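Everything on this sheet refers to the single structure shown next.
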Amino acid sequence: MSIPAIDFSAFRNGTEQERRVLANRITEEFKKHGATRLIAHGITGESIKKTYEQSDKFFKLPEAEKVIIANIRDANPQRGYSYVGSEATSKVNKRDQKGEFQICEDDDVDQELIDAKEHFDYTREGDEYSTPWPSEASIPGFRDWMEGAFLPDCMKLARDVLTAIEIGLNVPAGTFTSCMESHVDELRIQHYPPLAVEELKAGKIKRCHPHTDFGFITLLFQDATGGLEVEDRANGGWLPVIPTGDPTEVGVYIGDTLVHKTNGHLKAAVHHVVAPVSLKDREDGVMPERFTIALFAKADRHADVGPMPQFITSETPQRFPNLTALELHNKRVGQLYDARPKVNMASA
Ligand SMILES: O=C(O)CCC(=O)C(=O)O
Ligand SMILES: [Fe+2]
């Protein structure tokens with residue numbers, strides 16, 4: 001069993017009835033593990049390939065050029081370059097007594113585990129948290145493509161998926177998408193350098209530790225290497241998300257913000273990145289490098305992302321506080337760096 005790859009074309013070209021059937025199918029998939037995959041969704045294979053080519057060029061820049069655009073490791077939206085080991089996903093979620101992954105509280109963050117990846121995070125031009133870009137001379141056309149072409153396409157797809165979830169959950173149109181008008185989504189390109197299997201077996205390093213993402217949903221494009229796994233919420237254990245080979249394939253993962261808004265009706269996808277299935281039983285050797293691209297679709301910063309009234313009942317009382325999207329986001333980013341948010345969290 002794995003995460004299915006669903007043809008999304010009917011959502012753009014189909015009849016009302018076809019759109020509804022598709023929306024219901026996707027929402028049912030999300031209810032299983034917080035995850036699904038889509039193909040034929042409107043972003044072309046060529047466009048994705050070009051983004052990987054740009055990403056490859058970026059990570060090959062000399063270290064000296066990457067460090068001058070380094071992300072500041074604090075409780076704010078991430079922008080710019082993060083070196084290998086900068087981000088600690090092991091600090092953001094923890095299993096509770098029932099064995100379920102929950103968001104960590106501040107005093108839980110005690111694990112010293114390393115994420116073997118480097119990444120670059122950016123958002124649209126004009127955002128109040130601006131992106132430090134590499135110079136045009138060192139990587140011609142990079143910013144134009146990433147900011148002007150690929151990001152808007154991903155933002156559109158994310159809104160289509162959230163529209164489908166609105167239909168599937170039978171909530172009014174715009175319930176989620178109307179609080180995404182300031183377009184504060186973030187795009188991340190990531191590079192996992194080659195990694196010795198021995199190092200992985202020692203247990204302190206993973207390509208990415210089990211965690212949930214922070215926004216409404218994440219779109220995740222992965223290259224052919226493999227290694228991403230989603231927690232199997234029905235049977236326990238992990239479901240490998242083995243690349244299908246379709247050039248448009250994109251994973252879609254429910255994040256914390258949608259969990260909060262739906263009062264836990266939708267569950268987040270717990271995911272991590274380990275050795276690809278073909279290398280799992282090896283005791284030595286080197287895992288090849290891996291590239292992925294993630295769009296973190298976010299709610300407007302001042303939007304209240306506390307549970308909506310229709311999801312609060314006597315059987316399901318309010319489980320999450322009435323935070324703004326930025327308060328929730330900064331709390332989560334702060335955990336990656338052991339940094340407390342500066343905004344007032346008194347309402348939490
Ligand atoms: O690269 C991957 O496959 C997953 C990355 C991830 O989970 C993240 O950046 O939040
Ligand atoms: Fe993630």
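Residues in the structure tokens are numbered from 1 in each chain, the chains being A, B, ... in the order shown, and ligands are numbered from 1 in the order shown.
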Environment of ligand 2 within 8 Å, counting only C-alpha atoms and all ligand atoms, reported as a ChimeraX atom specification:
/A:208,211-213,218,270-272
Please identify all polymer residues within 10 Å of A:Ala299, counting only C-alpha atoms, omitting same-chain residues fewer than 4 positions from it, and present them as an NGL selection string.
:A and (176-185 or 215-217 or 257-258 or 303-305 or 324-326 or 329)
Find the residues around A:Leu295 up to 6 Å (only C-alpha atoms counted), leave out those fewer than 3 positions away in its own chain, and share them as an NGL selection string.
:A and (186-187 or 218-219)
Please produce a file of those selected residues containing N, CA and C atoms, as a CSV table (one decimal), in the first residue's frame.
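Done, and the output landed in again-v2.csv:
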chain,number,residue,atom,x,y,z
A,186,GLU,N,5.2,30.0,1.1
A,186,GLU,CA,6.7,29.9,1.0
A,186,GLU,C,7.1,28.8,0.1
A,187,LEU,N,8.1,29.0,-0.7
A,187,LEU,CA,8.7,27.9,-1.5
A,187,LEU,C,10.1,27.6,-1.1
A,218,THR,N,1.0,21.3,2.1
A,218,THR,CA,2.3,21.4,1.5
A,218,THR,C,2.2,20.6,0.2
A,219,LEU,N,2.8,21.2,-0.9
A,219,LEU,CA,2.9,20.5,-2.2
A,219,LEU,C,4.4,20.1,-2.2
Enumerate residues in contact with ligand 1: an atom-to-atom distance of at most 10 Å, counting only C-alpha atoms and all ligand atoms. Format the result as a ChimeraX atom specification.
/A:87,89,117-119,121,187-192,207-214,218-223,225-230,241,251,253,255,269-274,290-296
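Each of A:Ala70, A:Ile3, A:Met155, A:Ala275 was compared to A:Lys201 using only C-alpha atoms, and A:Ala275 turns out to be the nearest.
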Which residue is closest to A:Ser9? Choose from A:Pro317, A:Gly141, A:Pro276, A:Gly42 and count only C-alpha atoms.
A:Gly42
